[in-house]
$ cat data-v9.txt   # compact mmCIF, N, CA and C atoms and all ligand atoms
# COMPACT_ATOMS: atom_id res chain seq x y z
N MET A 1 116.20 87.29 158.50
CA MET A 1 115.98 85.87 158.76
C MET A 1 117.29 85.21 159.14
N ALA A 2 117.25 84.43 160.17
CA ALA A 2 118.47 83.76 160.61
C ALA A 2 118.75 82.55 159.73
N ILE A 3 120.00 82.25 159.56
CA ILE A 3 120.37 81.07 158.80
C ILE A 3 120.47 79.92 159.80
N SER A 4 119.55 79.02 159.69
CA SER A 4 119.44 78.00 160.72
C SER A 4 120.16 76.73 160.32
N ALA A 5 120.33 75.86 161.31
CA ALA A 5 121.02 74.60 161.07
C ALA A 5 120.14 73.66 160.24
N ASN A 6 118.82 73.86 160.28
CA ASN A 6 117.96 72.97 159.50
C ASN A 6 117.60 73.56 158.14
N ARG A 7 118.58 74.23 157.60
CA ARG A 7 118.49 74.77 156.25
C ARG A 7 118.34 73.60 155.27
N PRO A 8 117.50 73.76 154.24
CA PRO A 8 117.35 72.63 153.31
C PRO A 8 118.65 72.30 152.59
N SER A 9 118.86 71.01 152.35
CA SER A 9 120.11 70.55 151.75
C SER A 9 119.84 69.67 150.53
N SER A 10 120.63 69.87 149.49
CA SER A 10 120.51 69.06 148.28
C SER A 10 121.30 67.76 148.43
N GLY A 11 122.18 67.74 149.42
CA GLY A 11 123.05 66.58 149.59
C GLY A 11 124.36 66.71 148.83
N ASP A 12 124.44 67.70 147.96
CA ASP A 12 125.67 67.95 147.19
C ASP A 12 126.42 69.09 147.87
N ARG A 13 127.63 68.85 148.32
CA ARG A 13 128.33 69.84 149.14
C ARG A 13 128.58 71.14 148.41
N LEU A 14 128.95 71.05 147.14
CA LEU A 14 129.23 72.28 146.39
C LEU A 14 127.94 73.08 146.17
N VAL A 15 126.88 72.39 145.79
CA VAL A 15 125.59 73.05 145.58
C VAL A 15 125.11 73.69 146.89
N ASP A 16 125.26 72.96 147.98
CA ASP A 16 124.81 73.51 149.27
C ASP A 16 125.69 74.67 149.73
N TRP A 17 126.97 74.62 149.38
CA TRP A 17 127.86 75.74 149.72
C TRP A 17 127.41 77.00 148.97
N ILE A 18 127.11 76.85 147.69
CA ILE A 18 126.63 78.00 146.91
C ILE A 18 125.29 78.49 147.48
N PHE A 19 124.43 77.57 147.85
CA PHE A 19 123.14 77.95 148.45
C PHE A 19 123.37 78.79 149.71
N ARG A 20 124.32 78.36 150.54
CA ARG A 20 124.64 79.11 151.77
C ARG A 20 125.15 80.50 151.44
N GLN A 21 126.00 80.61 150.41
CA GLN A 21 126.51 81.94 150.02
C GLN A 21 125.35 82.82 149.54
N PHE A 22 124.41 82.22 148.81
CA PHE A 22 123.24 82.97 148.34
C PHE A 22 122.44 83.49 149.54
N LEU A 23 122.26 82.64 150.56
CA LEU A 23 121.50 83.08 151.74
C LEU A 23 122.23 84.21 152.46
N LEU A 24 123.56 84.10 152.54
CA LEU A 24 124.33 85.17 153.18
C LEU A 24 124.13 86.48 152.42
N LEU A 25 124.17 86.41 151.11
CA LEU A 25 123.95 87.61 150.28
C LEU A 25 122.54 88.16 150.51
N LEU A 26 121.56 87.26 150.48
CA LEU A 26 120.17 87.69 150.60
C LEU A 26 119.89 88.30 151.97
N ASN A 27 120.65 87.87 152.98
CA ASN A 27 120.46 88.42 154.32
C ASN A 27 121.33 89.64 154.58
N ASN A 28 122.14 90.01 153.59
CA ASN A 28 123.01 91.17 153.73
C ASN A 28 122.20 92.44 153.48
N ARG A 29 122.32 93.39 154.41
CA ARG A 29 121.51 94.61 154.30
C ARG A 29 121.89 95.44 153.08
N LYS A 30 123.08 95.21 152.55
CA LYS A 30 123.50 95.97 151.36
C LYS A 30 122.73 95.55 150.10
N LEU A 31 122.15 94.35 150.16
CA LEU A 31 121.46 93.84 148.98
C LEU A 31 119.97 94.17 149.01
N LYS A 32 119.51 94.71 147.91
CA LYS A 32 118.07 94.98 147.77
C LYS A 32 117.57 94.24 146.53
N ILE A 33 116.37 93.70 146.66
CA ILE A 33 115.76 93.01 145.52
C ILE A 33 114.45 93.69 145.21
N ARG A 34 114.22 93.95 143.96
CA ARG A 34 112.90 94.43 143.58
C ARG A 34 112.43 93.72 142.33
N ARG A 35 111.12 93.73 142.19
CA ARG A 35 110.49 93.21 140.98
C ARG A 35 109.91 94.40 140.26
N LYS A 36 110.06 94.38 138.95
CA LYS A 36 109.58 95.50 138.14
C LYS A 36 108.83 94.96 136.94
N ARG A 37 107.80 95.69 136.53
CA ARG A 37 106.97 95.19 135.41
C ARG A 37 107.73 95.14 134.11
N SER A 38 108.78 95.93 134.00
CA SER A 38 109.59 95.88 132.79
C SER A 38 111.04 96.19 133.17
N VAL A 39 111.93 95.30 132.79
CA VAL A 39 113.36 95.52 133.03
C VAL A 39 114.01 95.61 131.65
N VAL A 40 114.64 96.73 131.39
CA VAL A 40 115.13 97.02 130.04
C VAL A 40 116.61 97.37 130.12
N LYS A 41 117.35 96.87 129.14
CA LYS A 41 118.75 97.25 129.00
C LYS A 41 118.89 98.17 127.81
N PHE A 42 119.85 99.07 127.90
CA PHE A 42 120.10 100.00 126.80
C PHE A 42 121.53 99.83 126.32
N ARG A 43 121.69 99.92 125.01
CA ARG A 43 123.06 100.07 124.49
C ARG A 43 122.94 100.94 123.25
N GLY A 44 123.45 102.14 123.35
CA GLY A 44 123.26 103.09 122.26
C GLY A 44 121.78 103.35 122.07
N LYS A 45 121.31 103.11 120.87
CA LYS A 45 119.89 103.33 120.60
C LYS A 45 119.08 102.07 120.81
N ARG A 46 119.79 100.98 121.05
CA ARG A 46 119.08 99.72 121.23
C ARG A 46 118.55 99.60 122.64
N ARG A 47 117.33 99.09 122.79
CA ARG A 47 116.83 98.75 124.11
C ARG A 47 116.04 97.46 124.01
N TRP A 48 116.21 96.63 125.00
CA TRP A 48 115.54 95.33 124.94
C TRP A 48 115.19 94.86 126.36
N ALA A 49 114.10 94.09 126.43
CA ALA A 49 113.63 93.57 127.72
C ALA A 49 114.53 92.42 128.16
N VAL A 50 114.86 92.39 129.44
CA VAL A 50 115.68 91.30 129.97
C VAL A 50 114.97 90.67 131.16
N ARG A 51 115.46 89.50 131.57
CA ARG A 51 114.86 88.77 132.69
C ARG A 51 115.16 89.47 134.02
N GLY A 52 116.38 90.01 134.10
CA GLY A 52 116.76 90.65 135.35
C GLY A 52 118.10 91.34 135.17
N ILE A 53 118.43 92.19 136.13
CA ILE A 53 119.74 92.82 136.12
C ILE A 53 120.26 92.91 137.55
N SER A 54 121.58 92.94 137.68
CA SER A 54 122.15 93.20 138.99
C SER A 54 123.09 94.38 138.87
N ASP A 55 123.00 95.24 139.87
CA ASP A 55 123.83 96.44 139.92
C ASP A 55 124.66 96.36 141.19
N MET A 56 125.98 96.25 141.01
CA MET A 56 126.85 96.12 142.18
C MET A 56 127.42 97.47 142.62
N THR A 57 126.90 98.54 142.05
CA THR A 57 127.33 99.88 142.47
C THR A 57 126.09 100.73 142.79
N ALA A 58 125.14 100.12 143.47
CA ALA A 58 123.88 100.81 143.77
C ALA A 58 123.99 101.62 145.05
N GLY A 59 122.99 102.42 145.30
CA GLY A 59 122.91 103.18 146.54
C GLY A 59 123.74 104.44 146.49
N PRO A 60 123.55 105.32 147.50
CA PRO A 60 124.23 106.61 147.50
C PRO A 60 125.76 106.50 147.55
N ASP A 61 126.27 105.44 148.17
CA ASP A 61 127.73 105.30 148.26
C ASP A 61 128.29 104.35 147.19
N ASN A 62 127.43 103.94 146.25
CA ASN A 62 127.84 103.02 145.18
C ASN A 62 128.34 101.68 145.68
N ARG A 63 128.01 101.34 146.92
CA ARG A 63 128.49 100.07 147.46
C ARG A 63 127.36 99.10 147.74
N GLY A 64 126.17 99.53 147.38
CA GLY A 64 125.02 98.64 147.54
C GLY A 64 124.90 97.70 146.36
N ILE A 65 124.09 96.68 146.55
CA ILE A 65 123.83 95.73 145.47
C ILE A 65 122.32 95.71 145.25
N GLU A 66 121.94 95.81 144.00
CA GLU A 66 120.51 95.78 143.71
C GLU A 66 120.23 94.79 142.59
N ILE A 67 119.30 93.90 142.88
CA ILE A 67 118.85 92.94 141.86
C ILE A 67 117.45 93.34 141.46
N THR A 68 117.23 93.46 140.17
CA THR A 68 115.89 93.76 139.68
C THR A 68 115.43 92.60 138.80
N ILE A 69 114.29 92.05 139.14
CA ILE A 69 113.74 90.89 138.43
C ILE A 69 112.49 91.34 137.69
N SER A 70 112.39 90.95 136.44
CA SER A 70 111.20 91.31 135.67
C SER A 70 109.99 90.52 136.15
N SER A 71 108.89 91.23 136.36
CA SER A 71 107.65 90.54 136.72
C SER A 71 106.71 90.43 135.52
N ALA A 72 107.22 90.80 134.34
CA ALA A 72 106.39 90.74 133.12
C ALA A 72 106.06 89.29 132.79
N LYS A 73 104.80 89.03 132.52
CA LYS A 73 104.39 87.65 132.18
C LYS A 73 104.99 87.19 130.86
N SER A 74 105.35 88.15 129.99
CA SER A 74 105.97 87.78 128.72
C SER A 74 107.42 87.33 128.92
N VAL A 75 107.97 87.65 130.09
CA VAL A 75 109.37 87.29 130.38
C VAL A 75 109.43 86.06 131.29
N HIS A 76 108.65 86.12 132.39
CA HIS A 76 108.56 84.99 133.30
C HIS A 76 107.09 84.58 133.40
N VAL A 77 106.82 83.37 132.99
CA VAL A 77 105.43 82.90 133.02
C VAL A 77 104.94 82.79 134.46
N ASN A 78 105.83 82.40 135.35
CA ASN A 78 105.41 82.21 136.75
C ASN A 78 106.58 82.52 137.68
N ARG A 79 106.27 82.39 138.96
CA ARG A 79 107.22 82.66 140.03
C ARG A 79 108.46 81.75 139.96
N HIS A 80 108.24 80.50 139.55
CA HIS A 80 109.38 79.56 139.46
C HIS A 80 110.45 80.13 138.53
N GLN A 81 110.00 80.68 137.42
CA GLN A 81 110.96 81.23 136.47
C GLN A 81 111.65 82.47 137.03
N GLU A 82 110.94 83.22 137.84
CA GLU A 82 111.57 84.38 138.48
C GLU A 82 112.67 83.92 139.44
N VAL A 83 112.43 82.80 140.12
CA VAL A 83 113.45 82.27 141.04
C VAL A 83 114.69 81.85 140.24
N GLU A 84 114.49 81.29 139.05
CA GLU A 84 115.64 80.92 138.22
C GLU A 84 116.47 82.15 137.85
N THR A 85 115.79 83.24 137.56
CA THR A 85 116.51 84.47 137.26
C THR A 85 117.21 85.02 138.51
N LEU A 86 116.55 84.89 139.66
CA LEU A 86 117.20 85.31 140.91
C LEU A 86 118.49 84.50 141.12
N ILE A 87 118.44 83.20 140.86
CA ILE A 87 119.63 82.34 140.98
C ILE A 87 120.72 82.85 140.02
N HIS A 88 120.32 83.18 138.81
CA HIS A 88 121.26 83.71 137.82
C HIS A 88 121.93 84.99 138.32
N GLU A 89 121.13 85.92 138.82
CA GLU A 89 121.68 87.21 139.27
C GLU A 89 122.55 87.04 140.52
N LEU A 90 122.14 86.15 141.43
CA LEU A 90 122.96 85.89 142.62
C LEU A 90 124.30 85.28 142.21
N ALA A 91 124.29 84.44 141.17
CA ALA A 91 125.54 83.84 140.68
C ALA A 91 126.47 84.93 140.14
N HIS A 92 125.90 85.93 139.46
CA HIS A 92 126.72 87.05 138.98
C HIS A 92 127.39 87.77 140.15
N ILE A 93 126.66 87.94 141.25
CA ILE A 93 127.20 88.68 142.38
C ILE A 93 128.26 87.85 143.10
N LEU A 94 127.98 86.55 143.23
CA LEU A 94 128.93 85.68 143.92
C LEU A 94 130.21 85.49 143.10
N PHE A 95 130.07 85.44 141.78
CA PHE A 95 131.23 85.25 140.89
C PHE A 95 131.28 86.41 139.90
N PRO A 96 131.68 87.60 140.37
CA PRO A 96 131.55 88.79 139.51
C PRO A 96 132.42 88.76 138.26
N LYS A 97 133.46 87.97 138.24
CA LYS A 97 134.34 87.99 137.07
C LYS A 97 133.99 86.93 136.04
N VAL A 98 133.02 86.10 136.38
CA VAL A 98 132.67 85.00 135.48
C VAL A 98 131.76 85.51 134.38
N ARG A 99 132.03 85.08 133.16
CA ARG A 99 131.28 85.58 132.00
C ARG A 99 129.86 85.04 131.94
N GLU A 100 129.05 85.81 131.20
CA GLU A 100 127.63 85.50 131.07
C GLU A 100 127.35 84.04 130.69
N ARG A 101 128.06 83.54 129.68
CA ARG A 101 127.67 82.19 129.24
C ARG A 101 128.01 81.13 130.28
N PHE A 102 129.02 81.38 131.11
CA PHE A 102 129.33 80.42 132.17
C PHE A 102 128.34 80.55 133.33
N ILE A 103 127.89 81.81 133.56
CA ILE A 103 126.85 82.01 134.58
C ILE A 103 125.58 81.27 134.18
N ARG A 104 125.29 81.27 132.87
CA ARG A 104 124.09 80.54 132.40
C ARG A 104 124.23 79.05 132.64
N VAL A 105 125.44 78.52 132.42
CA VAL A 105 125.66 77.09 132.68
C VAL A 105 125.47 76.81 134.16
N LEU A 106 126.07 77.69 134.99
CA LEU A 106 125.95 77.53 136.44
C LEU A 106 124.48 77.60 136.86
N GLU A 107 123.75 78.55 136.28
CA GLU A 107 122.31 78.67 136.58
C GLU A 107 121.59 77.36 136.28
N ASP A 108 121.85 76.80 135.09
CA ASP A 108 121.18 75.54 134.72
C ASP A 108 121.49 74.43 135.72
N ILE A 109 122.76 74.36 136.13
CA ILE A 109 123.15 73.31 137.08
C ILE A 109 122.44 73.52 138.41
N LEU A 110 122.45 74.77 138.89
CA LEU A 110 121.86 75.04 140.21
C LEU A 110 120.34 74.83 140.20
N VAL A 111 119.70 75.25 139.10
CA VAL A 111 118.24 75.06 139.01
C VAL A 111 117.91 73.57 139.06
N ALA A 112 118.76 72.76 138.42
CA ALA A 112 118.51 71.31 138.42
C ALA A 112 118.84 70.68 139.77
N LYS A 113 119.86 71.23 140.46
CA LYS A 113 120.35 70.58 141.68
C LYS A 113 119.67 71.06 142.95
N PHE A 114 119.26 72.33 143.00
CA PHE A 114 118.59 72.82 144.21
C PHE A 114 117.30 72.03 144.40
N ILE A 115 117.04 71.64 145.61
CA ILE A 115 115.77 70.95 145.87
C ILE A 115 114.66 71.99 146.03
N LYS A 116 113.43 71.50 145.98
CA LYS A 116 112.26 72.39 146.01
C LYS A 116 112.31 73.36 147.19
N GLU A 117 112.68 72.85 148.37
CA GLU A 117 112.72 73.71 149.56
C GLU A 117 113.75 74.82 149.42
N GLN A 118 114.86 74.51 148.76
CA GLN A 118 115.89 75.53 148.55
C GLN A 118 115.38 76.61 147.61
N ARG A 119 114.75 76.18 146.51
CA ARG A 119 114.21 77.16 145.57
C ARG A 119 113.12 78.00 146.22
N ARG A 120 112.30 77.34 147.06
CA ARG A 120 111.22 78.06 147.72
C ARG A 120 111.79 79.11 148.69
N LEU A 121 112.84 78.73 149.42
CA LEU A 121 113.45 79.67 150.36
C LEU A 121 114.05 80.86 149.61
N LEU A 122 114.71 80.60 148.50
CA LEU A 122 115.26 81.71 147.70
C LEU A 122 114.12 82.59 147.19
N GLY A 123 113.04 81.96 146.74
CA GLY A 123 111.90 82.71 146.21
C GLY A 123 111.21 83.56 147.26
N SER A 124 111.36 83.18 148.53
CA SER A 124 110.70 83.95 149.60
C SER A 124 111.32 85.34 149.73
N PHE A 125 112.48 85.56 149.12
CA PHE A 125 113.11 86.88 149.17
C PHE A 125 112.60 87.80 148.06
N LEU A 126 111.84 87.25 147.12
CA LEU A 126 111.28 88.10 146.06
C LEU A 126 110.09 88.88 146.63
N PRO A 127 110.09 90.21 146.48
CA PRO A 127 108.96 90.95 147.01
C PRO A 127 107.67 90.57 146.29
N ARG A 128 106.57 90.62 147.02
CA ARG A 128 105.28 90.23 146.44
C ARG A 128 104.86 91.17 145.33
N ARG A 129 105.01 92.45 145.62
CA ARG A 129 104.51 93.43 144.66
C ARG A 129 105.63 94.04 143.85
N PRO A 130 105.40 94.22 142.56
CA PRO A 130 106.40 94.92 141.77
C PRO A 130 106.44 96.41 142.10
N THR A 131 107.60 97.02 141.97
CA THR A 131 107.68 98.46 142.20
C THR A 131 107.23 99.17 140.93
N LYS A 132 106.77 100.39 141.11
CA LYS A 132 106.24 101.14 139.98
C LYS A 132 107.37 101.57 139.04
N LYS A 133 108.44 102.08 139.64
CA LYS A 133 109.52 102.66 138.82
C LYS A 133 110.66 101.68 138.60
ZN ZN A 201 123.55 87.35 133.28
$ encode --input "data-v9.txt" --output "C-alpha cells" --more "lines below"
Ligand SMILES: [Zn+2]
Amino acid sequence: MAISANRPSSGDRLVDWIFRQFLLLLNNRKLKIRRKRSVVKFRGKRRWAVRGISDMTAGPDNRGIEITISSAKSVHVNRHQEVETLIHELAHILFPKVRERFIRVLEDILVAKFIKEQRRLLGSFLPRRPTKK
C-alpha cells in the first residue's frame, strides 16, 4: 500500500510523525504480522499468555521482524484491543531500547491521540484469520 498525501492526521505533529513511522514499518517487506489463538511467553518453567510479542531477529537471516498478536477472546475482547496491542508492538520496534513501562505509557498516549481513521488504517494490517501455529 502506498503512503499517500491524504493520510489521516491527528493534528499533533509528534503523533502524526510516529504514525508515519508505523506505516513505513508496516509497509516494509521485512515485517510480518500474524494473529495467533494463543501467544505465550516462557521463562524457565513459567509460561503465561500475553497480548502480543515482537521478534526483531525473525526469518532465516535473523533480520526479519515478526509481530504476533493474540486473537484469544480472553486476551482481546475485540479488534480495537488488538489494534492497541499492535500499536504497543510497533512502539517496541520503533524504540527498541525503551523499557516496557515507558512503551506502555507511549501506547496509552498514542491510543488516546490517534484518530479513528488512523487506528482503522493500522488495524487493516492485521490478518483476518489467525494462523494455526
Ligand atoms: Zn511490551
$ atom_distance --input "data-v9.txt" --atom1 "atom C of A:Val75" --atom2 "atom CA of A:Arg104"
15.7 Å
$ residues_near_ligand --input "data-v9.txt" --ligand "ligand ZN 201 (chain A)" --cutoff "9 Å" --atoms "only C-alpha atoms and all ligand atoms" --output "PyMOL selection string"
chain A and resi 51-54+85+88-89+91-92+99-101+103-104
$ write_last_selection --input "data-v9.txt" --atoms "N, CA and C atoms" --output "compact mmCIF listing (two decimals), in the coordinates of the input"
# COMPACT_ATOMS: atom_id res chain seq x y z
N ARG A 51 115.46 89.50 131.57
CA ARG A 51 114.86 88.77 132.69
C ARG A 51 115.16 89.47 134.02
N GLY A 52 116.38 90.01 134.10
CA GLY A 52 116.76 90.65 135.35
C GLY A 52 118.10 91.34 135.17
N ILE A 53 118.43 92.19 136.13
CA ILE A 53 119.74 92.82 136.12
C ILE A 53 120.26 92.91 137.55
N SER A 54 121.58 92.94 137.68
CA SER A 54 122.15 93.20 138.99
C SER A 54 123.09 94.38 138.87
N THR A 85 115.79 83.24 137.56
CA THR A 85 116.51 84.47 137.26
C THR A 85 117.21 85.02 138.51
N HIS A 88 120.32 83.18 138.81
CA HIS A 88 121.26 83.71 137.82
C HIS A 88 121.93 84.99 138.32
N GLU A 89 121.13 85.92 138.82
CA GLU A 89 121.68 87.21 139.27
C GLU A 89 122.55 87.04 140.52
N ALA A 91 124.29 84.44 141.17
CA ALA A 91 125.54 83.84 140.68
C ALA A 91 126.47 84.93 140.14
N HIS A 92 125.90 85.93 139.46
CA HIS A 92 126.72 87.05 138.98
C HIS A 92 127.39 87.77 140.15
N ARG A 99 132.03 85.08 133.16
CA ARG A 99 131.28 85.58 132.00
C ARG A 99 129.86 85.04 131.94
N GLU A 100 129.05 85.81 131.20
CA GLU A 100 127.63 85.50 131.07
C GLU A 100 127.35 84.04 130.69
N ARG A 101 128.06 83.54 129.68
CA ARG A 101 127.67 82.19 129.24
C ARG A 101 128.01 81.13 130.28
N ILE A 103 127.89 81.81 133.56
CA ILE A 103 126.85 82.01 134.58
C ILE A 103 125.58 81.27 134.18
N ARG A 104 125.29 81.27 132.87
CA ARG A 104 124.09 80.54 132.40
C ARG A 104 124.23 79.05 132.64
$ axis_aligned_box --input "data-v9.txt" --around "stretch 47-50 of chain A" --padding-each-side "6 Å" --output "AutoDock Vina command-line options"
--center_x 115.5 --center_y 94.9 --center_z 127.0 --size_x 15.7 --size_y 20.4 --size_z 20.4
$ select_by_dssp --input "data-v9.txt" --residues "stretch 6-76 of chain A" --states "alpha helix (DSSP H)" --output "list in words"
Arg13, Leu14, Val15, Asp16, Trp17, Ile18, Phe19, Arg20, Gln21, Phe22, Leu23, Leu24, Leu25 and Leu26 of chain A
$ write_last_selection --input "data-v9.txt" --atoms "N, CA and C atoms" --output "PDB file, in the frame of the given file"
ATOM      1  N   ARG A  13     127.630  68.850 148.320  1.00  0.00           N
ATOM      2  CA  ARG A  13     128.330  69.840 149.140  1.00  0.00           C
ATOM      3  C   ARG A  13     128.580  71.140 148.410  1.00  0.00           C
ATOM      4  N   LEU A  14     128.950  71.050 147.140  1.00  0.00           N
ATOM      5  CA  LEU A  14     129.230  72.280 146.390  1.00  0.00           C
ATOM      6  C   LEU A  14     127.940  73.080 146.170  1.00  0.00           C
ATOM      7  N   VAL A  15     126.880  72.390 145.790  1.00  0.00           N
ATOM      8  CA  VAL A  15     125.590  73.050 145.580  1.00  0.00           C
ATOM      9  C   VAL A  15     125.110  73.690 146.890  1.00  0.00           C
ATOM     10  N   ASP A  16     125.260  72.960 147.980  1.00  0.00           N
ATOM     11  CA  ASP A  16     124.810  73.510 149.270  1.00  0.00           C
ATOM     12  C   ASP A  16     125.690  74.670 149.730  1.00  0.00           C
ATOM     13  N   TRP A  17     126.970  74.620 149.380  1.00  0.00           N
ATOM     14  CA  TRP A  17     127.860  75.740 149.720  1.00  0.00           C
ATOM     15  C   TRP A  17     127.410  77.000 148.970  1.00  0.00           C
ATOM     16  N   ILE A  18     127.110  76.850 147.690  1.00  0.00           N
ATOM     17  CA  ILE A  18     126.630  78.000 146.910  1.00  0.00           C
ATOM     18  C   ILE A  18     125.290  78.490 147.480  1.00  0.00           C
ATOM     19  N   PHE A  19     124.430  77.570 147.850  1.00  0.00           N
ATOM     20  CA  PHE A  19     123.140  77.950 148.450  1.00  0.00           C
ATOM     21  C   PHE A  19     123.370  78.790 149.710  1.00  0.00           C
ATOM     22  N   ARG A  20     124.320  78.360 150.540  1.00  0.00           N
ATOM     23  CA  ARG A  20     124.640  79.110 151.770  1.00  0.00           C
ATOM     24  C   ARG A  20     125.150  80.500 151.440  1.00  0.00           C
ATOM     25  N   GLN A  21     126.000  80.610 150.410  1.00  0.00           N
ATOM     26  CA  GLN A  21     126.510  81.940 150.020  1.00  0.00           C
ATOM     27  C   GLN A  21     125.350  82.820 149.540  1.00  0.00           C
ATOM     28  N   PHE A  22     124.410  82.220 148.810  1.00  0.00           N
ATOM     29  CA  PHE A  22     123.240  82.970 148.340  1.00  0.00           C
ATOM     30  C   PHE A  22     122.440  83.490 149.540  1.00  0.00           C
ATOM     31  N   LEU A  23     122.260  82.640 150.560  1.00  0.00           N
ATOM     32  CA  LEU A  23     121.500  83.080 151.740  1.00  0.00           C
ATOM     33  C   LEU A  23     122.230  84.210 152.460  1.00  0.00           C
ATOM     34  N   LEU A  24     123.560  84.100 152.540  1.00  0.00           N
ATOM     35  CA  LEU A  24     124.330  85.170 153.180  1.00  0.00           C
ATOM     36  C   LEU A  24     124.130  86.480 152.420  1.00  0.00           C
ATOM     37  N   LEU A  25     124.170  86.410 151.110  1.00  0.00           N
ATOM     38  CA  LEU A  25     123.950  87.610 150.280  1.00  0.00           C
ATOM     39  C   LEU A  25     122.540  88.160 150.510  1.00  0.00           C
ATOM     40  N   LEU A  26     121.560  87.260 150.480  1.00  0.00           N
ATOM     41  CA  LEU A  26     120.170  87.690 150.600  1.00  0.00           C
ATOM     42  C   LEU A  26     119.890  88.300 151.970  1.00  0.00           C
TER      43      LEU A  26
END
$ residues_around --input "data-v9.txt" --residues "stretch 111-117 of chain A" --least-positions-apart "3" --cutoff "8 Å" --atoms "only N, CA and C atoms" --output "PyMOL selection string"
chain A and resi 7-12+15-16+83-84+87-88+105-108+120-123
$ select_by_dssp --input "data-v9.txt" --residues "chain A" --states "strand (DSSP E or B)" --output "MDAnalysis selection string"
chainID A and resid 31:36 40:43 46:49 52:58 64:70 131
$ atom_distance --input "data-v9.txt" --atom1 "atom CA of A:Ser124" --atom2 "atom CA of A:Ile65"
18.1 Å
$ atom_distance --input "data-v9.txt" --atom1 "atom N of A:Arg128" --atom2 "atom CA of A:Gln21"
22.0 Å
$ residues_around --input "data-v9.txt" --residues "A:Arg63" --least-positions-apart "5" --cutoff "8 Å" --atoms "only N, CA and C atoms" --output "list in words"
Lys30, Leu31, Asp55, Met56, Thr57 and Ala58 of chain A
$ closest_residue --input "data-v9.txt" --among "A:Val98, A:Ile109, A:Val77, A:Leu90" --to "A:Arg20" --atoms "only C-alpha atoms"
A:Leu90
$ closest_residue --input "data-v9.txt" --among "A:Phe19, A:Asn6, A:Ser71, A:Arg79" --to "A:Arg37" --atoms "all atoms listed in the file"
A:Ser71
